[in-house]
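One structure is given below, encoded as structure tokens.
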Amino acid sequence: MADNQKKLVEQITSMDEDFAKWYTDIVKKADLIDYSSVKGCMIIRPYGYAIWENIQKILDARFKETGVENVYMPLFIPESLLTKEKDHVEGFAPEVAWITYGGSEKLAERLCVRPTSETLFCEHYANIIKSYRDLPKVYNQWCSVVRWEKTTRPFLRSREFLWQEGHTMHRTAKEAEERTVQMLNLYADFFEKDLAIPVVKGQKTDKEKFAGAKATYTVEALMHDGKALQGGTSHNFGDDFAKAFGIQFLDSDNTLKTPHQTSWGVSTRIIGGIIMTHGDDSGLVLPPAVAPIQVIVIPVQQHKAGVIEAATAIVDTLKENGIRVKMDDSEQSPGWKFSEYEMKGVPLRIEIGPRDIAENKCVIVRRDNREKSFVSVDELVPAVKDGLEKLTAALYEKALKNREQRTYEAEDMEQMKEISQTKSGYIKAMWCGSLECEMKLKEECDVTSRCIPFGVKPTGNRCVCCGREAKKLVYWGKAY
RNA sequence: CGGGGUGUAGCGCAGUUGGUAGCGCGCUUGGUUUGGGACCAAGAUGCCGCAGGUUCGAAUCCUGUCACUCCGACCA
């Protein structure tokens, strides 16, 4: 036992000792990724990709319920197109990758590899939107984008990453705003119900908002170590892009009008969020909704008569009931398998051996707390479904508790400095709305504004920084 | 982009004053095992990150370069 414990400890770094190291250990040891020979680009391995596929499946279905249609836009954007909207190009220019040669011939105009596709969608929309009857357009694409980041980390910041980007055009400003909020709420619901990650919904300050957007809404999650992660964003562009790209439609009153635009997206970064929210010192812990394997069945003393048959029967029963289940009847020892699937974050484990078979039972073990329950094979399906639900709820509660314990309040700069230096988490503080104060907080307290939360009551009426009148409450913190 | 660390077998590492590479785990084969990372025996695996240079001789010294990683700066 002592030796086993030792080996377990050697497997990965303790998360409270070195969270960054723990994280990189997990992504490798749980077989999520491998590094490639190009800096900042990662190979997403089958187990990691399967998580993304599940995320896609759930989100895509939810999108389509709201009228979203999927499309595919080109990978390349001509420079002249990228530079049409001033704020946008200024925001992205420093991190775009350029194509300058086609074969051995130098291109007349260089092409950038899309860092995001607003400009491509706009060009296309200009061609297909003529009448109010062509609106709204609610398109989305699943693709990869490239941003030439200097510092990279698996899932959290890579040079190429997978995401979805929705781009919509609306007849009125009101309708665009409604869509922006609708998608924000959709993301929030997905995070909380499916990923078991509590989020703060709110608006980004001007400094933090998307390049070219009028307003950026965000769902913010707090990681185990108290650093914030932006989970998903929904932007209202107003009609600035539409004007820059000359998109106009003839309205029912026979006047030419400019449509209003939104965009919204989540990326493979949320896999990083899942790891850092739910993981522990034994490895990954996956929320059942996106876990590639929800139940791992481990036969014990599998060479003995009837064991494999009993395990196979369990697998078949669960499969018939829509559970993603796998049996591991490899030659490894049971103990090895226990550790392996804990590392991979499989929510439930079922052990079945001669002792259980004699009593028509099996053992169900929960990944999060290792709680064992002995269940009659006849009650297996409800027990597994119940176990998965309870685990999801427990993950959510644990993450929420972490966030609550790590949410602080500051009234003045002294408190702000004290908290930011000694704690890690959200700091609630009032803000006057000036860029100067935002910059000063960054400079002196090393915190940035995460969001102006919706539905959270003000903690005072004076700016934490300058002391002037303040109406906005801001969550401040350090972000990934 | 600045500062630190690391590149040697699939993984983790050792390699002394320069003399042509080793350990543990894993892998293969056979056998015994199996309820928390089993054991015995026999094997296989190396462009010492890459490119130059110094030298009779380089994993080792020098220069450059690439990648990973951490801390900043920048950035969704």
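We label chains A, B, ... in the order they appear in the structure tokens, count residues from 1 in each chain, and number ligands from 1 in the order shown.
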
ask   = What are the residues of chain A that have an atom within 9 Å of an atom of chain B, counting only C-alpha atoms (C1' of nucleotides), as a ChimeraX atom specification?
value = /A:1,4-5,7-8,20-21,35,37-39,94-95,149-150,208-210,230,300-303,331-340,351-353,355

Next, dump the selected residues to file, keeping only N, CA and C atoms, as a compact mmCIF listing (two decimals), in the first residue's frame.
```txt
# COMPACT_ATOMS: atom_id res chain seq x y z
N MET A 1 0.84 -1.22 0.00
CA MET A 1 0.00 0.00 0.00
C MET A 1 0.86 1.26 0.00
N ASN A 4 2.30 1.63 -3.33
CA ASN A 4 1.30 2.07 -4.29
C ASN A 4 1.05 3.57 -4.19
N GLN A 5 0.89 4.01 -2.95
CA GLN A 5 0.66 5.43 -2.71
C GLN A 5 1.80 6.25 -3.29
N LYS A 7 3.78 5.51 -5.72
CA LYS A 7 3.73 5.53 -7.18
C LYS A 7 2.68 6.51 -7.68
N LEU A 8 1.53 6.52 -6.98
CA LEU A 8 0.49 7.45 -7.36
C LEU A 8 0.97 8.88 -7.29
N ALA A 20 0.60 24.83 -12.15
CA ALA A 20 0.96 24.87 -13.57
C ALA A 20 1.55 23.54 -14.01
N LYS A 21 2.41 22.99 -13.18
CA LYS A 21 3.03 21.70 -13.50
C LYS A 21 1.97 20.59 -13.48
N TYR A 35 2.57 17.06 -27.92
CA TYR A 35 3.14 18.24 -28.55
C TYR A 35 3.52 17.91 -29.98
N SER A 37 5.77 19.38 -33.56
CA SER A 37 7.08 20.01 -33.78
C SER A 37 6.96 21.50 -34.06
N VAL A 38 5.74 22.02 -34.15
CA VAL A 38 5.57 23.46 -34.34
C VAL A 38 5.18 24.08 -33.01
N LYS A 39 5.91 25.08 -32.63
CA LYS A 39 5.65 25.73 -31.34
C LYS A 39 4.19 26.15 -31.21
N PRO A 94 -1.25 42.20 -34.64
CA PRO A 94 0.00 41.72 -34.02
C PRO A 94 0.10 40.20 -33.97
N GLU A 95 -0.99 39.51 -34.14
CA GLU A 95 -0.89 38.06 -33.97
C GLU A 95 -1.46 37.26 -35.15
N GLU A 149 0.52 33.43 -31.02
CA GLU A 149 0.79 33.78 -29.63
C GLU A 149 2.26 33.58 -29.31
N LYS A 150 2.74 34.41 -28.38
CA LYS A 150 4.14 34.27 -27.97
C LYS A 150 4.27 33.23 -26.87
N GLU A 208 -11.32 45.68 -22.17
CA GLU A 208 -11.23 44.23 -22.31
C GLU A 208 -12.12 43.68 -23.43
N LYS A 209 -12.93 44.51 -24.03
CA LYS A 209 -13.87 43.97 -25.01
C LYS A 209 -13.19 43.61 -26.33
N PHE A 210 -13.92 42.86 -27.15
CA PHE A 210 -13.41 42.36 -28.42
C PHE A 210 -13.11 43.51 -29.39
N GLN A 230 -11.92 33.11 -19.01
CA GLN A 230 -13.04 33.51 -19.83
C GLN A 230 -13.54 32.29 -20.59
N VAL A 300 -12.69 -8.21 -12.26
CA VAL A 300 -11.65 -8.60 -11.31
C VAL A 300 -11.54 -10.12 -11.33
N GLN A 301 -10.31 -10.61 -11.33
CA GLN A 301 -10.06 -12.05 -11.51
C GLN A 301 -10.78 -12.52 -12.78
N GLN A 302 -10.48 -11.82 -13.85
CA GLN A 302 -11.23 -12.01 -15.08
C GLN A 302 -11.05 -13.38 -15.75
N HIS A 303 -10.00 -14.10 -15.31
CA HIS A 303 -9.79 -15.42 -15.91
C HIS A 303 -10.76 -16.45 -15.34
N GLU A 331 -4.69 -7.18 -19.73
CA GLU A 331 -3.99 -8.01 -18.75
C GLU A 331 -3.43 -7.23 -17.55
N GLN A 332 -3.62 -5.91 -17.56
CA GLN A 332 -3.12 -5.13 -16.42
C GLN A 332 -3.84 -5.56 -15.14
N SER A 333 -3.21 -5.28 -14.02
CA SER A 333 -3.85 -5.62 -12.75
C SER A 333 -5.00 -4.66 -12.51
N PRO A 334 -6.00 -5.09 -11.72
CA PRO A 334 -7.12 -4.19 -11.41
C PRO A 334 -6.65 -2.87 -10.82
N GLY A 335 -5.68 -2.92 -9.93
CA GLY A 335 -5.19 -1.70 -9.30
C GLY A 335 -4.66 -0.71 -10.31
N TRP A 336 -3.96 -1.24 -11.29
CA TRP A 336 -3.42 -0.38 -12.34
C TRP A 336 -4.56 0.29 -13.10
N LYS A 337 -5.58 -0.50 -13.41
CA LYS A 337 -6.73 0.05 -14.15
C LYS A 337 -7.45 1.11 -13.34
N PHE A 338 -7.60 0.88 -12.05
CA PHE A 338 -8.26 1.89 -11.20
C PHE A 338 -7.57 3.23 -11.36
N SER A 339 -6.25 3.20 -11.22
CA SER A 339 -5.48 4.45 -11.30
C SER A 339 -5.57 5.07 -12.68
N GLU A 340 -5.48 4.23 -13.69
CA GLU A 340 -5.49 4.69 -15.06
C GLU A 340 -6.77 5.46 -15.40
N GLU A 351 -16.74 -2.31 -10.63
CA GLU A 351 -15.89 -3.49 -10.43
C GLU A 351 -16.80 -4.70 -10.33
N ILE A 352 -16.42 -5.75 -11.03
CA ILE A 352 -17.19 -6.98 -10.88
C ILE A 352 -16.26 -8.18 -10.88
N GLY A 353 -16.37 -8.99 -9.84
CA GLY A 353 -15.54 -10.18 -9.69
C GLY A 353 -16.37 -11.33 -9.14
N ARG A 355 -16.77 -12.62 -6.26
CA ARG A 355 -17.51 -12.35 -5.02
C ARG A 355 -18.85 -11.67 -5.30
```

message = I'd like the neighbourhood of C13 in chain B as a PyMOL selection string, where a residue qualifies if any of its atoms comes within 10 Å (using only C-alpha atoms (C1' of nucleotides)), though same-chain residues fewer than 2 positions away should be ignored.
response = chain B and resi 8+11+23-24

task = Please report, as a PyMOL selection string, each residue of range 99-165 of chain A to which DSSP assigns strand (DSSP E) when run on this structure's backbone.
result = chain A and resi 99-102+105-113+137-146+160-165

Just to be explicit: take each residue in the selection above, keep C-alpha atoms, and write the result as a PDB file, in the first residue's frame.
```
ATOM      1  CA  ILE A  99       0.933  33.607 -46.413  1.00  0.00           C
ATOM      2  CA  THR A 100       3.241  35.345 -48.848  1.00  0.00           C
ATOM      3  CA  TYR A 101       4.080  32.617 -51.315  1.00  0.00           C
ATOM      4  CA  GLY A 102       1.964  30.221 -53.346  1.00  0.00           C
ATOM      5  CA  GLU A 105       5.472  32.547 -56.685  1.00  0.00           C
ATOM      6  CA  LYS A 106       5.150  35.556 -54.493  1.00  0.00           C
ATOM      7  CA  LEU A 107       1.536  36.567 -54.010  1.00  0.00           C
ATOM      8  CA  ALA A 108       0.384  39.939 -55.316  1.00  0.00           C
ATOM      9  CA  GLU A 109      -1.564  40.372 -52.097  1.00  0.00           C
ATOM     10  CA  ARG A 110      -0.630  38.497 -48.978  1.00  0.00           C
ATOM     11  CA  LEU A 111      -3.222  36.386 -47.229  1.00  0.00           C
ATOM     12  CA  CYS A 112      -3.664  35.965 -43.527  1.00  0.00           C
ATOM     13  CA  VAL A 113      -4.700  32.753 -41.906  1.00  0.00           C
ATOM     14  CA  LYS A 137     -28.915  35.574 -40.964  1.00  0.00           C
ATOM     15  CA  VAL A 138     -27.811  33.282 -38.148  1.00  0.00           C
ATOM     16  CA  TYR A 139     -24.703  31.427 -39.284  1.00  0.00           C
ATOM     17  CA  ASN A 140     -22.115  29.503 -37.341  1.00  0.00           C
ATOM     18  CA  GLN A 141     -18.985  27.663 -38.261  1.00  0.00           C
ATOM     19  CA  TRP A 142     -16.898  25.024 -36.510  1.00  0.00           C
ATOM     20  CA  CYS A 143     -13.295  25.470 -37.539  1.00  0.00           C
ATOM     21  CA  SER A 144      -9.812  26.237 -36.370  1.00  0.00           C
ATOM     22  CA  VAL A 145      -8.240  29.673 -36.214  1.00  0.00           C
ATOM     23  CA  VAL A 146      -4.655  30.826 -35.895  1.00  0.00           C
ATOM     24  CA  GLU A 160      -4.005  27.085 -33.687  1.00  0.00           C
ATOM     25  CA  PHE A 161      -7.177  26.207 -31.828  1.00  0.00           C
ATOM     26  CA  LEU A 162     -10.577  24.753 -32.546  1.00  0.00           C
ATOM     27  CA  TRP A 163     -13.690  26.757 -31.898  1.00  0.00           C
ATOM     28  CA  GLN A 164     -17.071  27.727 -33.151  1.00  0.00           C
ATOM     29  CA  GLU A 165     -17.837  31.229 -34.259  1.00  0.00           C
TER      30      GLU A 165
END
```

message = When you look at U28 in chain B with a cut-off of 12 Å (counting only C-alpha atoms (C1' of nucleotides)), what residues show up, excluding the ones that are within fewer than 2 positions of it in the same chain? I need them as a PyMOL selection string.
response = chain B and resi 26+30+42-45

inquiry  = Please identify the helix (DSSP H, G or I) residues within range 47-112 of chain A (assignment by DSSP from backbone atoms) and present them as a VMD selection string.
reply    = chain A and resid 47 to 65 79 to 82 86 to 95

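With only C-alpha atoms (C1' of nucleotides) as the basis for measurement, B:C56 is the residue among B:C48, B:C62, B:C56, B:C71 that approaches G19 in chain B most closely.
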
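Among the candidate residues A:Ala30, A:Ile296, A:Leu81, A:Cys41, the one lying nearest to Ala244 in chain A is A:Leu81, with distances computed using only C-alpha atoms.
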
task = Fewer than 3 positions away in the same chain doesn't count, so skip those; otherwise give me all residues within 12 Å of Ile12 in chain A, counting only C-alpha atoms (C1' of nucleotides), as a ChimeraX atom specification.
result = /A:5-9,15-30,279-284,339,343 /B:12

Could the residues in this selection be written to a file with N, CA and C atoms (P, O5', C5', C4', C3', O3' and C1' of nucleotides), as a short mmCIF file (atom, residue, chain, number, x, y, z; two decimals), in the first residue's frame?
```
data_model
loop_
_atom_site.label_atom_id
_atom_site.label_comp_id
_atom_site.auth_asym_id
_atom_site.auth_seq_id
_atom_site.Cartn_x
_atom_site.Cartn_y
_atom_site.Cartn_z
N GLN A 5 0.89 4.01 -2.95
CA GLN A 5 0.66 5.43 -2.71
C GLN A 5 1.80 6.25 -3.29
N LYS A 6 2.99 5.75 -3.08
CA LYS A 6 4.17 6.46 -3.54
C LYS A 6 4.14 6.59 -5.07
N LYS A 7 3.78 5.51 -5.72
CA LYS A 7 3.73 5.53 -7.18
C LYS A 7 2.68 6.51 -7.68
N LEU A 8 1.53 6.52 -6.98
CA LEU A 8 0.49 7.45 -7.36
C LEU A 8 0.97 8.88 -7.29
N VAL A 9 1.69 9.17 -6.21
CA VAL A 9 2.19 10.52 -6.01
C VAL A 9 3.21 10.87 -7.08
N MET A 15 -1.48 19.35 -7.09
CA MET A 15 -2.02 20.58 -7.64
C MET A 15 -1.81 21.80 -6.74
N ASP A 16 -1.78 21.57 -5.44
CA ASP A 16 -1.59 22.71 -4.55
C ASP A 16 -0.13 23.08 -4.39
N GLU A 17 0.74 22.17 -4.80
CA GLU A 17 2.17 22.44 -4.74
C GLU A 17 2.59 23.27 -5.96
N ASP A 18 2.17 22.83 -7.12
CA ASP A 18 2.55 23.51 -8.36
C ASP A 18 1.45 23.30 -9.39
N PHE A 19 0.50 24.23 -9.41
CA PHE A 19 -0.69 24.08 -10.23
C PHE A 19 -0.36 24.02 -11.73
N ALA A 20 0.60 24.83 -12.15
CA ALA A 20 0.96 24.87 -13.57
C ALA A 20 1.55 23.54 -14.01
N LYS A 21 2.41 22.99 -13.18
CA LYS A 21 3.03 21.70 -13.50
C LYS A 21 1.97 20.59 -13.48
N TRP A 22 1.12 20.66 -12.48
CA TRP A 22 0.02 19.69 -12.36
C TRP A 22 -0.80 19.68 -13.65
N TYR A 23 -1.09 20.88 -14.15
CA TYR A 23 -1.90 21.01 -15.35
C TYR A 23 -1.24 20.35 -16.56
N THR A 24 0.02 20.66 -16.77
CA THR A 24 0.70 20.08 -17.93
C THR A 24 0.88 18.57 -17.77
N ASP A 25 1.06 18.11 -16.54
CA ASP A 25 1.12 16.66 -16.29
C ASP A 25 -0.19 16.00 -16.72
N ILE A 26 -1.29 16.61 -16.31
CA ILE A 26 -2.61 16.03 -16.59
C ILE A 26 -2.87 15.91 -18.09
N VAL A 27 -2.64 16.99 -18.82
CA VAL A 27 -2.98 16.94 -20.24
C VAL A 27 -2.18 15.87 -20.98
N LYS A 28 -0.98 15.62 -20.49
CA LYS A 28 -0.16 14.59 -21.12
C LYS A 28 -0.55 13.19 -20.62
N LYS A 29 -0.66 13.06 -19.31
CA LYS A 29 -0.85 11.73 -18.73
C LYS A 29 -2.26 11.19 -18.92
N ALA A 30 -3.21 12.08 -19.13
CA ALA A 30 -4.57 11.60 -19.40
C ALA A 30 -4.75 11.38 -20.91
N GLY A 279 -10.43 18.87 -11.80
CA GLY A 279 -9.35 17.90 -11.61
C GLY A 279 -8.85 17.83 -10.17
N ASP A 280 -8.18 16.74 -9.83
CA ASP A 280 -7.57 16.62 -8.50
C ASP A 280 -6.23 15.89 -8.61
N ASP A 281 -5.65 15.55 -7.47
CA ASP A 281 -4.32 14.96 -7.47
C ASP A 281 -4.25 13.56 -8.07
N SER A 282 -5.40 12.94 -8.32
CA SER A 282 -5.38 11.65 -9.01
C SER A 282 -5.58 11.82 -10.51
N GLY A 283 -5.77 13.05 -10.94
CA GLY A 283 -5.91 13.29 -12.37
C GLY A 283 -7.13 14.09 -12.73
N LEU A 284 -7.60 13.80 -13.93
CA LEU A 284 -8.72 14.52 -14.51
C LEU A 284 -10.02 14.05 -13.84
N SER A 339 -6.25 3.20 -11.22
CA SER A 339 -5.48 4.45 -11.30
C SER A 339 -5.57 5.07 -12.68
N MET A 343 -7.02 8.72 -13.59
CA MET A 343 -6.23 9.72 -14.29
C MET A 343 -7.02 10.30 -15.47
P G B 12 9.42 12.60 -19.69
"O5'" G B 12 9.98 12.04 -18.31
"C5'" G B 12 9.19 12.09 -17.13
"C4'" G B 12 9.94 11.45 -15.99
"C3'" G B 12 11.35 11.97 -15.78
"O3'" G B 12 11.35 13.18 -15.05
"C1'" G B 12 11.36 9.61 -15.71
#
```

ask   = In Å, how far is it from CA of Pro354 in chain A to CA of Gly306 in chain A?
value =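 CA of Pro354 in chain A sits 7.9 Å away from CA of Gly306 in chain A.
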
message = Here is a test: counting only C-alpha atoms (C1' of nucleotides), which residue of B:A51, B:U60, B:C27, B:G72 is nearest to A9 in chain B?
response =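 Ranked by minimum distance to A9 in chain B, first place goes to B:C27.
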